[in-house]
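Undergrad: Contents of model04.cif (mmCIF, C-alpha atoms and all ligand atoms) are given next:
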```cif
data_coords
loop_
_atom_site.label_atom_id
_atom_site.label_comp_id
_atom_site.auth_asym_id
_atom_site.auth_seq_id
_atom_site.Cartn_x
_atom_site.Cartn_y
_atom_site.Cartn_z
CA MET A 459 0.00 0.00 0.00
CA SER A 460 1.44 3.40 -0.91
CA SER A 461 2.41 5.67 1.93
CA ASN A 462 -0.03 8.27 0.66
CA ALA A 463 -2.96 5.87 0.53
CA PHE A 464 -4.85 7.65 3.30
CA GLU A 465 -4.70 11.41 3.46
CA PRO A 466 -5.75 12.94 6.79
CA ARG A 467 -9.45 13.72 6.91
CA PRO A 468 -9.53 17.48 6.27
CA ILE A 469 -11.33 19.73 8.72
CA ASP A 470 -14.94 19.89 7.65
CA THR A 471 -16.86 22.30 9.86
CA HIS A 472 -20.17 21.12 8.38
CA LYS A 473 -19.82 17.41 9.18
CA PRO A 474 -19.03 16.52 12.80
CA SER A 475 -16.00 14.25 13.15
CA PRO A 476 -15.74 11.42 15.71
CA ALA A 477 -12.65 13.14 17.14
CA ARG A 478 -14.43 16.47 17.76
CA ILE A 479 -17.53 14.86 19.21
CA TYR A 480 -15.60 12.56 21.53
CA HIS A 481 -13.51 15.56 22.63
CA HIS A 482 -16.67 17.46 23.47
CA MET A 483 -18.03 14.56 25.51
CA ILE A 484 -14.84 14.47 27.59
CA THR A 485 -14.14 18.19 27.98
CA GLY A 486 -17.38 20.03 27.19
CA GLU A 487 -15.47 22.17 24.69
CA VAL A 488 -17.31 23.09 21.49
CA ILE A 489 -14.72 23.36 18.73
CA PHE A 490 -17.04 24.56 15.97
CA GLU A 491 -20.38 26.20 16.59
CA SER A 492 -21.63 24.21 13.61
CA ASP A 493 -21.21 21.00 15.69
CA LEU A 494 -23.77 22.20 18.25
CA PRO A 495 -26.97 20.96 16.60
CA PHE A 496 -25.37 17.53 16.24
CA ILE A 497 -24.18 17.55 19.86
CA HIS A 498 -27.65 18.50 21.09
CA ARG A 499 -29.23 15.70 19.06
CA LEU A 500 -26.69 13.29 20.50
CA TYR A 501 -27.50 14.30 24.10
CA GLU A 502 -31.18 13.89 23.36
CA GLU A 503 -31.08 10.63 21.46
CA ILE A 504 -28.06 8.83 22.92
CA PRO A 505 -27.73 10.27 26.46
CA PHE A 506 -25.28 7.57 27.62
CA TYR A 507 -22.57 8.75 25.23
CA PRO A 508 -20.77 11.31 27.52
CA LEU A 509 -20.55 8.83 30.38
CA TRP A 510 -19.38 6.13 27.98
CA ALA A 511 -16.64 8.48 26.71
CA ARG A 512 -15.41 9.31 30.20
CA HIS A 513 -15.25 5.62 31.16
CA ASN A 514 -13.30 4.96 27.98
CA ARG A 515 -10.82 7.71 28.69
CA ARG A 516 -10.26 6.54 32.26
CA PHE A 517 -9.44 3.06 30.94
CA LEU A 518 -6.76 4.64 28.74
CA THR A 519 -5.12 6.18 31.82
CA ARG A 520 -5.13 2.88 33.69
CA ALA A 521 -3.79 1.04 30.64
CA VAL A 522 -0.83 3.43 30.33
CA ARG A 523 -0.07 3.11 34.05
CA TYR A 524 -0.28 -0.68 33.81
CA MET A 525 2.17 -0.69 30.92
CA ILE A 526 4.59 1.64 32.70
CA ASP A 527 4.42 -0.64 35.76
CA SER A 528 5.24 -3.55 33.42
CA GLY A 529 8.43 -1.79 32.35
CA ILE A 530 7.24 -0.40 29.01
CA ARG A 531 8.69 3.00 28.15
CA GLN A 532 7.58 3.54 24.55
CA PHE A 533 4.06 3.89 23.24
CA LEU A 534 2.32 3.88 19.90
CA ASP A 535 -1.10 5.47 20.51
CA ILE A 536 -3.18 5.00 17.35
CA GLY A 537 -6.41 6.99 17.06
CA SER A 538 -5.21 9.21 19.88
CA GLY A 539 -7.80 11.94 19.28
CA LEU A 540 -7.69 15.61 20.16
CA PRO A 541 -5.49 16.29 23.16
CA THR A 542 -7.52 16.55 26.37
CA GLY A 543 -6.48 16.07 29.98
CA GLY A 544 -4.67 12.82 30.78
CA ASN A 545 -2.97 12.39 27.43
CA THR A 546 -0.77 9.32 27.11
CA HIS A 547 2.52 11.23 27.31
CA GLU A 548 1.36 13.05 30.46
CA VAL A 549 0.22 9.89 32.23
CA ALA A 550 3.34 7.98 31.18
CA ARG A 551 5.89 10.69 31.95
CA GLU A 552 4.42 11.34 35.37
CA LEU A 553 5.59 7.83 36.30
CA ALA A 554 8.53 7.47 33.90
CA PRO A 555 10.02 10.76 32.68
CA ASP A 556 11.98 8.91 29.97
CA ALA A 557 8.81 7.57 28.29
CA ARG A 558 8.37 8.23 24.56
CA VAL A 559 5.08 8.45 22.70
CA VAL A 560 4.16 8.36 19.02
CA TYR A 561 0.58 9.53 18.52
CA VAL A 562 -1.29 8.69 15.33
CA ASP A 563 -4.57 10.06 14.07
CA ASN A 564 -6.15 10.68 10.69
CA ASP A 565 -8.21 13.70 11.75
CA GLU A 566 -6.63 17.00 10.79
CA GLU A 567 -7.99 18.86 13.81
CA ALA A 568 -6.55 16.22 16.14
CA ILE A 569 -3.20 16.34 14.35
CA ASN A 570 -2.94 20.15 14.41
CA ARG A 571 -3.97 20.50 18.04
CA ALA A 572 -1.64 17.76 19.25
CA ARG A 573 1.29 19.26 17.32
CA ASP A 574 0.58 22.72 18.78
CA LEU A 575 0.49 21.27 22.30
CA LEU A 576 3.72 19.30 21.88
CA ARG A 577 5.53 22.26 20.31
CA ALA A 578 4.30 24.69 22.98
CA ASN A 579 5.51 22.37 25.74
CA ASP A 580 8.82 21.65 24.05
CA LEU A 581 8.10 17.92 23.95
CA LEU A 582 9.09 17.03 20.40
CA ASP A 583 12.25 15.22 21.57
CA SER A 584 10.11 12.55 23.22
CA THR A 585 6.64 12.78 21.68
CA VAL A 586 5.31 13.21 18.14
CA MET A 587 1.99 13.30 16.34
CA LEU A 588 1.87 11.47 13.01
CA ASP A 589 -0.75 12.13 10.38
CA ALA A 590 -1.29 8.50 9.54
CA ASP A 591 -4.02 5.93 9.40
CA LEU A 592 -4.48 2.63 11.18
CA ARG A 593 -5.46 1.16 7.81
CA ASP A 594 -1.88 1.77 6.61
CA PRO A 595 0.25 0.21 9.38
CA ALA A 596 3.38 0.19 7.20
CA ARG A 597 3.35 3.99 7.07
CA ILE A 598 3.06 4.15 10.87
CA LEU A 599 5.77 1.58 11.53
CA GLU A 600 8.24 2.82 8.93
CA HIS A 601 7.75 6.54 9.46
CA PRO A 602 11.11 8.22 10.27
CA GLU A 603 9.59 9.84 13.39
CA THR A 604 8.41 6.43 14.64
CA ARG A 605 11.89 5.04 14.02
CA ARG A 606 13.42 8.01 15.85
CA LEU A 607 11.39 7.47 19.02
CA ILE A 608 10.58 3.76 19.09
CA ASP A 609 13.23 1.08 19.44
CA PHE A 610 11.53 -2.02 18.04
CA SER A 611 14.02 -4.31 19.80
CA GLU A 612 12.41 -3.21 23.09
CA PRO A 613 8.79 -3.79 24.22
CA VAL A 614 6.22 -1.33 22.90
CA GLY A 615 2.85 -0.35 24.37
CA LEU A 616 0.24 -0.34 21.60
CA LEU A 617 -2.85 1.70 22.44
CA LEU A 618 -5.83 1.31 20.13
CA VAL A 619 -8.42 2.74 22.46
CA SER A 620 -11.78 3.11 20.79
CA VAL A 621 -10.37 3.40 17.28
CA LEU A 622 -11.44 0.04 15.81
CA PRO A 623 -15.13 1.05 15.76
CA TRP A 624 -14.07 3.40 12.95
CA VAL A 625 -12.40 0.62 10.99
CA PRO A 626 -15.01 -1.38 9.06
CA ASP A 627 -14.69 -5.12 8.49
CA ALA A 628 -13.89 -4.41 4.84
CA ALA A 629 -10.59 -2.85 5.98
CA GLU A 630 -9.65 -6.22 7.53
CA PRO A 631 -8.91 -5.10 11.09
CA ALA A 632 -7.49 -8.52 12.05
CA ALA A 633 -4.83 -8.23 9.33
CA LEU A 634 -3.96 -4.68 10.48
CA LEU A 635 -3.55 -5.92 14.04
CA ALA A 636 -1.42 -8.85 12.91
CA ARG A 637 0.90 -6.42 11.09
CA LEU A 638 1.33 -4.39 14.28
CA ARG A 639 1.84 -7.52 16.38
CA THR A 640 4.62 -8.85 14.16
CA ALA A 641 6.45 -5.51 14.43
CA VAL A 642 6.92 -5.71 18.20
CA VAL A 643 8.89 -7.99 20.53
CA PRO A 644 7.69 -10.23 23.40
CA GLY A 645 6.89 -8.19 26.49
CA SER A 646 4.99 -5.67 24.39
CA ALA A 647 1.37 -4.96 25.29
CA LEU A 648 -1.80 -4.10 23.40
CA ALA A 649 -4.68 -2.17 25.02
CA MET A 650 -7.99 -1.81 23.21
CA THR A 651 -11.59 -0.86 23.85
CA HIS A 652 -14.57 -1.35 21.58
CA VAL A 653 -18.09 0.00 21.78
CA SER A 654 -20.72 -2.74 21.76
CA LEU A 655 -24.42 -3.10 22.40
CA GLN A 656 -24.30 -6.85 22.95
CA ASP A 657 -24.81 -6.60 26.73
CA ALA A 658 -26.64 -3.27 26.73
CA GLY A 659 -30.07 -2.98 28.30
CA MET A 660 -33.16 -2.68 26.12
CA GLU A 661 -33.42 1.06 26.83
CA ILE A 662 -29.92 1.73 25.49
CA LYS A 663 -30.51 -0.46 22.45
CA GLN A 664 -33.66 1.50 21.69
CA GLN A 665 -31.87 4.83 22.16
CA VAL A 666 -29.08 3.82 19.81
CA ALA A 667 -31.49 2.43 17.23
CA ALA A 668 -33.40 5.71 17.36
CA GLY A 669 -30.18 7.72 17.20
CA ALA A 670 -28.50 5.71 14.45
CA ALA A 671 -29.29 8.46 11.98
CA VAL A 672 -27.31 10.91 14.13
CA PHE A 673 -24.14 8.95 13.53
CA SER A 674 -24.71 8.53 9.84
CA ASP A 675 -24.21 12.32 9.63
CA THR A 676 -20.60 12.14 10.91
CA SER A 677 -17.53 11.95 8.71
CA THR A 678 -17.00 8.24 9.54
CA PRO A 679 -19.66 5.67 10.44
CA VAL A 680 -19.30 3.43 13.50
CA THR A 681 -19.05 -0.38 13.46
CA LEU A 682 -20.38 -2.08 16.60
CA ARG A 683 -18.87 -5.47 17.46
CA THR A 684 -19.57 -8.33 19.84
CA ARG A 685 -17.39 -9.59 22.68
CA GLU A 686 -16.39 -12.57 20.50
CA GLN A 687 -15.37 -10.33 17.61
CA PHE A 688 -13.41 -8.09 19.97
CA GLU A 689 -11.63 -11.09 21.45
CA THR A 690 -10.39 -12.20 18.00
CA PHE A 691 -8.59 -8.85 17.75
CA PHE A 692 -6.27 -10.16 20.51
CA ASP A 693 -5.21 -13.24 18.50
CA GLY A 694 -1.56 -13.94 19.28
CA TRP A 695 -1.66 -11.95 22.55
CA LYS A 696 -2.09 -13.37 26.07
CA LEU A 697 -4.91 -11.57 27.83
CA VAL A 698 -4.08 -10.02 31.19
CA GLU A 699 -6.58 -10.94 33.94
CA PRO A 700 -9.56 -10.44 33.95
CA GLY A 701 -9.51 -10.90 30.14
CA ILE A 702 -12.24 -9.20 28.12
CA THR A 703 -14.32 -7.08 30.44
CA TYR A 704 -16.12 -3.75 30.51
CA ALA A 705 -13.82 -0.72 30.41
CA THR A 706 -15.10 0.37 33.83
CA ASP A 707 -14.19 -3.02 35.33
CA TRP A 708 -10.64 -3.39 34.01
CA HIS A 709 -8.38 -2.96 37.09
CA PRO A 710 -10.71 -0.25 38.43
CA ASP A 711 -9.29 2.48 40.63
CA GLN A 712 -12.70 3.43 41.97
CA PRO A 713 -15.78 1.41 42.94
CA VAL A 714 -17.65 0.04 39.91
CA ASP A 715 -21.30 1.08 39.72
CA THR A 716 -23.01 -2.05 38.41
CA THR A 717 -26.21 -0.09 37.74
CA ASP A 718 -24.39 2.31 35.42
CA TYR A 719 -26.17 2.05 32.07
CA ALA A 720 -23.07 3.01 30.04
CA ARG A 721 -20.95 0.30 31.69
CA PRO A 722 -21.87 -2.68 29.45
CA CYS A 723 -21.39 -0.68 26.24
CA ASN A 724 -17.60 -0.74 26.05
CA PHE A 725 -15.43 -3.86 26.04
CA ALA A 726 -11.81 -3.50 27.10
CA ALA A 727 -8.75 -5.68 27.52
CA ILE A 728 -4.98 -5.68 27.57
CA GLY A 729 -2.90 -8.43 26.03
CA THR A 730 0.81 -9.05 26.39
CA LEU A 731 2.96 -10.64 23.72
CA PRO A 732 4.37 -13.98 24.92
C1 LIG B 1 -13.24 7.94 20.12
S1 LIG B 1 -11.76 8.75 19.69
C2 LIG B 1 -10.64 7.95 20.84
C3 LIG B 1 -9.52 8.86 21.32
C4 LIG B 1 -8.57 8.20 22.32
N1 LIG B 1 -7.97 7.00 21.79
C5 LIG B 1 -9.28 7.85 23.60
O1 LIG B 1 -9.65 6.68 23.77
O2 LIG B 1 -9.49 8.72 24.45
C6 LIG B 1 -11.34 7.92 18.15
C7 LIG B 1 -10.18 8.56 17.40
O3 LIG B 1 -9.75 7.64 16.37
C8 LIG B 1 -9.44 8.42 15.21
N2 LIG B 1 -9.52 7.52 14.04
C9 LIG B 1 -10.63 6.99 13.49
N3 LIG B 1 -10.30 6.20 12.46
C10 LIG B 1 -8.94 6.21 12.38
C11 LIG B 1 -8.00 5.57 11.51
N4 LIG B 1 -8.41 4.76 10.52
N5 LIG B 1 -6.68 5.81 11.69
C12 LIG B 1 -6.27 6.66 12.69
N6 LIG B 1 -7.12 7.29 13.54
C13 LIG B 1 -8.44 7.06 13.38
C14 LIG B 1 -10.47 9.52 15.21
O4 LIG B 1 -10.05 10.62 14.40
C15 LIG B 1 -10.53 9.86 16.69
O5 LIG B 1 -9.59 10.84 17.03
#
```
Can the structure from this file be put into structure tokens for me?
Ligand SMILES: C[S@@+](CC[C@H](N)C(=O)[O-])C[C@H]1O[C@@H](n2cnc3c(N)ncnc32)[C@H](O)[C@@H]1O

TA:
Amino acid sequence: MSSNAFEPRPIDTHKPSPARIYHHMITGEVIFESDLPFIHRLYEEIPFYPLWARHNRRFLTRAVRYMIDSGIRQFLDIGSGLPTGGNTHEVARELAPDARVVYVDNDEEAINRARDLLRANDLLDSTVMLDADLRDPARILEHPETRRLIDFSEPVGLLLVSVLPWVPDAAEPAALLARLRTAVVPGSALAMTHVSLQDAGMEIKQQVAAGAAVFSDTSTPVTLRTREQFETFFDGWKLVEPGITYATDWHPDQPVDTTDYARPCNFAAIGTLP
């Protein structure tokens, strides 16, 4: 596949992007006024989304801490999104100041904002933002900036946190994951989450069915997957206890609210490479 196969998605102020909407759900920030009608529809039709997003983001923090505790010092964070609080480099460097991070996203707004943040904080020696696409793993792995910061003879922490829902089956996600897996050495780890309605209550299923049209208006449609499908994405990896679970329940650092209606809508796991 050519290295220019996937150009970053240009900023389109008329079509809400998954990156901007997710960012709003985490931070409350409205990036473009034109996103507001969409955001309001989302709150109305799929009210669990903000809580879901916050649970997802908290899993990312715990995953990075887990990897640092396991001795990992270099991270490839693919589908990293717009920078918010608790970005991977911040979480990692708080515990290990020598940690290096390569961020990857295909959303121009996410790329620009992350680059501004890294430049403003003088972090480019240890952290970069690539404009690349998960569907072109060769570009990510062979990029000179990746090669500058990641030593592939040492374990790598792969973070694909809520990015696979934006990769349809036609893009062969299992093959993309296999390409990433074969690039890293034993001791590496893979953290992923995936939105799912398999275990969701009837009310949530009805909300999402009613709100499906909301998502068809975004720049990229979402693919929901089952627990079994998510588990196949860890082929070749050894799942860390407790295996596939809800994002809220993976090594929680606060009590889990089992009545939380967003809880069953996000599978999470970490695998290590034997
Ligand atoms: C829901 S956000 C998740 C952000 C972050 N990983 C987190 O969990 O907090 C999904 C991100 O994946 C990005 N994305 C979607 N498809 C992608 C692809 N094919 N390659 C790279 N990034 C992608 C979107 O632009 C967006 O920033």

Undergrad: Which is closest to ligand LIG 1 (chain B) among A:Lys696, A:Arg531, A:Arg499, A:Arg593, if we use all atoms listed in the file?

TA: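 When distances to ligand LIG 1 (chain B) are compared using all atoms listed in the file, the smallest one comes from A:Arg593.
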
Undergrad: Expressed in Å to a single decimal, how great is the separation between atom CA of A:Ala727 and atom CA of A:His513?

TA: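 Straight-line distance from atom CA of A:Ala727 to atom CA of A:His513 works out to 13.5 Å.
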
Undergrad: For A:Gly543, work out the shell of residues within 10 Å, counting only C-alpha atoms and skipping chain neighbours fewer than 4 positions away, then give it as a compact mmCIF listing (two decimals) with C-alpha atoms, in the coordinates of the input.

TA:
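Saved as selection37.txt:
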```
# COMPACT_ATOMS: atom_id res chain seq x y z
CA ILE A 484 -14.84 14.47 27.59
CA THR A 485 -14.14 18.19 27.98
CA ARG A 515 -10.82 7.71 28.69
CA GLU A 548 1.36 13.05 30.46
CA VAL A 549 0.22 9.89 32.23
```

Undergrad: Taking into account only C-alpha atoms and all ligand atoms, which residue in the set A:Leu575, A:Ala720, A:Leu540, A:Leu534 is nearest to ligand LIG 1 (chain B)?

TA: A:Leu540

Undergrad: Return the single residue from A:Pro679, A:Pro595, A:Gly645, A:Pro468 that is closest to A:Trp695, with distances computed using only C-alpha atoms.

TA: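 Answer, going by the shortest atom-to-atom distance: A:Gly645.
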
Undergrad: Could you pull the residues within 9 Å of A:Ile569, counting all atoms listed in the file, minus those fewer than 4 positions along the same chain, as a list in words?

TA: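 The neighbour list is Pro466, Gly539, Leu540, Tyr561, Val562, Asp563, Asn564, Asp565, Arg573, Asp574, Met587, Leu588 and Asp589 of chain A.
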
Undergrad: Next, write the just-selected residues to a file, as a short mmCIF file (atom, residue, chain, number, x, y, z; two decimals), in the coordinates of the input, keeping C-alpha atoms as the atom set.

TA:
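Below is the file that was written, part_30.cif:
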```cif
data_model
loop_
_atom_site.label_atom_id
_atom_site.label_comp_id
_atom_site.auth_asym_id
_atom_site.auth_seq_id
_atom_site.Cartn_x
_atom_site.Cartn_y
_atom_site.Cartn_z
CA PRO A 466 -5.75 12.94 6.79
CA GLY A 539 -7.80 11.94 19.28
CA LEU A 540 -7.69 15.61 20.16
CA TYR A 561 0.58 9.53 18.52
CA VAL A 562 -1.29 8.69 15.33
CA ASP A 563 -4.57 10.06 14.07
CA ASN A 564 -6.15 10.68 10.69
CA ASP A 565 -8.21 13.70 11.75
CA ARG A 573 1.29 19.26 17.32
CA ASP A 574 0.58 22.72 18.78
CA MET A 587 1.99 13.30 16.34
CA LEU A 588 1.87 11.47 13.01
CA ASP A 589 -0.75 12.13 10.38
#
```

Undergrad: Set the cut-off to 8 Å, count only C-alpha atoms and all ligand atoms, and list whatever residues fall near ligand LIG 1 (chain B) as an NGL selection string.

TA: :A and (475-478 or 480-481 or 511 or 514-515 or 518 or 535-540 or 562-565 or 568 or 590-593 or 617-625 or 651 or 678)

Undergrad: Enter the distance from atom CA of A:Met483 to atom CA of A:Tyr507, in Å, rounded to one decimal.

TA: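 If I compute the distance from atom CA of A:Met483 to atom CA of A:Tyr507, I get 7.4 Å.
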
Undergrad: Tell me which protein, DNA and RNA residues are within 12 Å of A:Pro732, counting all atoms listed in the file, leaving out same-chain ones fewer than 6 positions away, and put them as a list in words.

TA: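 Surrounding residues, per the criterion: Pro613, Arg639, Thr640, Val642, Val643, Pro644, Gly645, Ser646, Ala647, Leu648, Asp693, Gly694, Trp695, Lys696, Leu697 and Val698 of chain A.
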
Undergrad: Those same residues, written as a PDB file, in the coordinates of the input with C-alpha atoms?

TA:
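For reference, part00.pdb as written:
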```pdb
ATOM      1  CA  PRO A 613       8.790  -3.790  24.220  1.00  0.00           C
ATOM      2  CA  ARG A 639       1.840  -7.520  16.380  1.00  0.00           C
ATOM      3  CA  THR A 640       4.620  -8.850  14.160  1.00  0.00           C
ATOM      4  CA  VAL A 642       6.920  -5.710  18.200  1.00  0.00           C
ATOM      5  CA  VAL A 643       8.890  -7.990  20.530  1.00  0.00           C
ATOM      6  CA  PRO A 644       7.690 -10.230  23.400  1.00  0.00           C
ATOM      7  CA  GLY A 645       6.890  -8.190  26.490  1.00  0.00           C
ATOM      8  CA  SER A 646       4.990  -5.670  24.390  1.00  0.00           C
ATOM      9  CA  ALA A 647       1.370  -4.960  25.290  1.00  0.00           C
ATOM     10  CA  LEU A 648      -1.800  -4.100  23.400  1.00  0.00           C
ATOM     11  CA  ASP A 693      -5.210 -13.240  18.500  1.00  0.00           C
ATOM     12  CA  GLY A 694      -1.560 -13.940  19.280  1.00  0.00           C
ATOM     13  CA  TRP A 695      -1.660 -11.950  22.550  1.00  0.00           C
ATOM     14  CA  LYS A 696      -2.090 -13.370  26.070  1.00  0.00           C
ATOM     15  CA  LEU A 697      -4.910 -11.570  27.830  1.00  0.00           C
ATOM     16  CA  VAL A 698      -4.080 -10.020  31.190  1.00  0.00           C
TER      17      VAL A 698
END
```

Undergrad: Which distance in Å separates atom CA of A:Arg577 and atom CA of A:His547, to one decimal?

TA: 13.4 Å

Undergrad: Grab all the atoms of stretch 704-714 of chain A that the file lists, wrap them in a box along x, y and z, add 5 Å per side, and give me centre plus edge lengths in Å (one decimal) as AutoDock Vina command-line options.

TA:
```
--center_x -13.0 --center_y -0.2 --center_z 36.7 --size_x 19.3 --size_y 17.2 --size_z 22.5
```

Undergrad: For each of A:Asp583, A:Glu502, A:Glu699, A:Glu566, take the minimum atom-to-atom distance to A:Thr471, counting only C-alpha atoms, then give the residue where this is smallest.

TA: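 Nearest to A:Thr471: A:Glu566.
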
Undergrad: From the options A:Ala572, A:Ala641, A:Ala578, A:Ala629, which residue's atoms come nearest to A:Thr681, counting all atoms listed in the file?

TA: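 Between A:Ala572, A:Ala641, A:Ala578, A:Ala629, the residue approaching A:Thr681 most closely is A:Ala629.
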
Undergrad: My list of candidates is A:Pro555, A:Pro710, A:Pro722, A:Pro700. Which is closest to A:Met660 when distances are computed with all atoms listed in the file?

TA: A:Pro722

Undergrad: Could I see stretch 657-665 of chain A restored to all heavy atoms, set down as a PDB file, in the coordinates of the input?

TA:
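Heads up, here's the output in out_3.pdb:
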```pdb
ATOM      1  N   ASP A 657     -24.334  -6.421  25.350  1.00  0.00           N
ATOM      2  CA  ASP A 657     -24.810  -6.600  26.730  1.00  0.00           C
ATOM      3  C   ASP A 657     -25.645  -5.411  27.207  1.00  0.00           C
ATOM      4  O   ASP A 657     -25.973  -5.331  28.392  1.00  0.00           O
ATOM      5  CB  ASP A 657     -23.615  -6.760  27.685  1.00  0.00           C
ATOM      6  CG  ASP A 657     -22.816  -8.022  27.406  1.00  0.00           C
ATOM      7  OD1 ASP A 657     -23.307  -8.872  26.634  1.00  0.00           O
ATOM      8  OD2 ASP A 657     -21.707  -8.154  27.962  1.00  0.00           O
ATOM      9  N   ALA A 658     -25.923  -4.485  26.304  1.00  0.00           N
ATOM     10  CA  ALA A 658     -26.640  -3.270  26.730  1.00  0.00           C
ATOM     11  C   ALA A 658     -28.096  -3.594  27.058  1.00  0.00           C
ATOM     12  O   ALA A 658     -28.686  -4.515  26.484  1.00  0.00           O
ATOM     13  CB  ALA A 658     -26.594  -2.233  25.608  1.00  0.00           C
ATOM     14  N   GLY A 659     -28.660  -2.811  27.963  1.00  0.00           N
ATOM     15  CA  GLY A 659     -30.070  -2.980  28.300  1.00  0.00           C
ATOM     16  C   GLY A 659     -30.956  -2.544  27.141  1.00  0.00           C
ATOM     17  O   GLY A 659     -30.506  -1.836  26.224  1.00  0.00           O
ATOM     18  N   MET A 660     -32.214  -2.963  27.200  1.00  0.00           N
ATOM     19  CA  MET A 660     -33.160  -2.680  26.120  1.00  0.00           C
ATOM     20  C   MET A 660     -33.283  -1.168  25.872  1.00  0.00           C
ATOM     21  O   MET A 660     -33.339  -0.711  24.734  1.00  0.00           O
ATOM     22  CB  MET A 660     -34.522  -3.293  26.484  1.00  0.00           C
ATOM     23  CG  MET A 660     -35.522  -3.321  25.352  1.00  0.00           C
ATOM     24  SD  MET A 660     -34.828  -3.939  23.800  1.00  0.00           S
ATOM     25  CE  MET A 660     -34.781  -5.694  24.145  1.00  0.00           C
ATOM     26  N   GLU A 661     -33.249  -0.390  26.975  1.00  0.00           N
ATOM     27  CA  GLU A 661     -33.420   1.060  26.830  1.00  0.00           C
ATOM     28  C   GLU A 661     -32.303   1.664  25.972  1.00  0.00           C
ATOM     29  O   GLU A 661     -32.540   2.475  25.079  1.00  0.00           O
ATOM     30  CB  GLU A 661     -33.424   1.691  28.224  1.00  0.00           C
ATOM     31  CG  GLU A 661     -34.091   3.040  28.255  1.00  0.00           C
ATOM     32  CD  GLU A 661     -33.942   3.685  29.622  1.00  0.00           C
ATOM     33  OE1 GLU A 661     -33.798   2.948  30.623  1.00  0.00           O
ATOM     34  OE2 GLU A 661     -33.949   4.911  29.685  1.00  0.00           O
ATOM     35  N   ILE A 662     -31.068   1.217  26.253  1.00  0.00           N
ATOM     36  CA  ILE A 662     -29.920   1.730  25.490  1.00  0.00           C
ATOM     37  C   ILE A 662     -30.026   1.297  24.034  1.00  0.00           C
ATOM     38  O   ILE A 662     -29.798   2.085  23.111  1.00  0.00           O
ATOM     39  CB  ILE A 662     -28.595   1.167  26.076  1.00  0.00           C
ATOM     40  CG1 ILE A 662     -28.385   1.671  27.496  1.00  0.00           C
ATOM     41  CG2 ILE A 662     -27.410   1.497  25.181  1.00  0.00           C
ATOM     42  CD1 ILE A 662     -27.720   2.985  27.617  1.00  0.00           C
ATOM     43  N   LYS A 663     -30.405   0.036  23.831  1.00  0.00           N
ATOM     44  CA  LYS A 663     -30.510  -0.460  22.450  1.00  0.00           C
ATOM     45  C   LYS A 663     -31.531   0.381  21.679  1.00  0.00           C
ATOM     46  O   LYS A 663     -31.301   0.738  20.530  1.00  0.00           O
ATOM     47  CB  LYS A 663     -30.920  -1.936  22.442  1.00  0.00           C
ATOM     48  CG  LYS A 663     -29.749  -2.846  22.789  1.00  0.00           C
ATOM     49  CD  LYS A 663     -30.139  -4.302  22.686  1.00  0.00           C
ATOM     50  CE  LYS A 663     -28.931  -5.193  22.906  1.00  0.00           C
ATOM     51  NZ  LYS A 663     -29.194  -6.412  23.629  1.00  0.00           N
ATOM     52  N   GLN A 664     -32.626   0.707  22.369  1.00  0.00           N
ATOM     53  CA  GLN A 664     -33.660   1.500  21.690  1.00  0.00           C
ATOM     54  C   GLN A 664     -33.144   2.911  21.392  1.00  0.00           C
ATOM     55  O   GLN A 664     -33.354   3.451  20.308  1.00  0.00           O
ATOM     56  CB  GLN A 664     -34.921   1.567  22.552  1.00  0.00           C
ATOM     57  CG  GLN A 664     -35.758   0.307  22.424  1.00  0.00           C
ATOM     58  CD  GLN A 664     -36.810   0.170  23.514  1.00  0.00           C
ATOM     59  OE1 GLN A 664     -36.858   0.962  24.455  1.00  0.00           O
ATOM     60  NE2 GLN A 664     -37.646  -0.841  23.400  1.00  0.00           N
ATOM     61  N   GLN A 665     -32.415   3.482  22.378  1.00  0.00           N
ATOM     62  CA  GLN A 665     -31.870   4.830  22.160  1.00  0.00           C
ATOM     63  C   GLN A 665     -30.945   4.839  20.952  1.00  0.00           C
ATOM     64  O   GLN A 665     -31.002   5.713  20.098  1.00  0.00           O
ATOM     65  CB  GLN A 665     -31.037   5.265  23.374  1.00  0.00           C
ATOM     66  CG  GLN A 665     -31.838   5.762  24.545  1.00  0.00           C
ATOM     67  CD  GLN A 665     -30.931   5.984  25.761  1.00  0.00           C
ATOM     68  OE1 GLN A 665     -29.713   5.972  25.673  1.00  0.00           O
ATOM     69  NE2 GLN A 665     -31.553   6.188  26.904  1.00  0.00           N
TER      70      GLN A 665
END
```
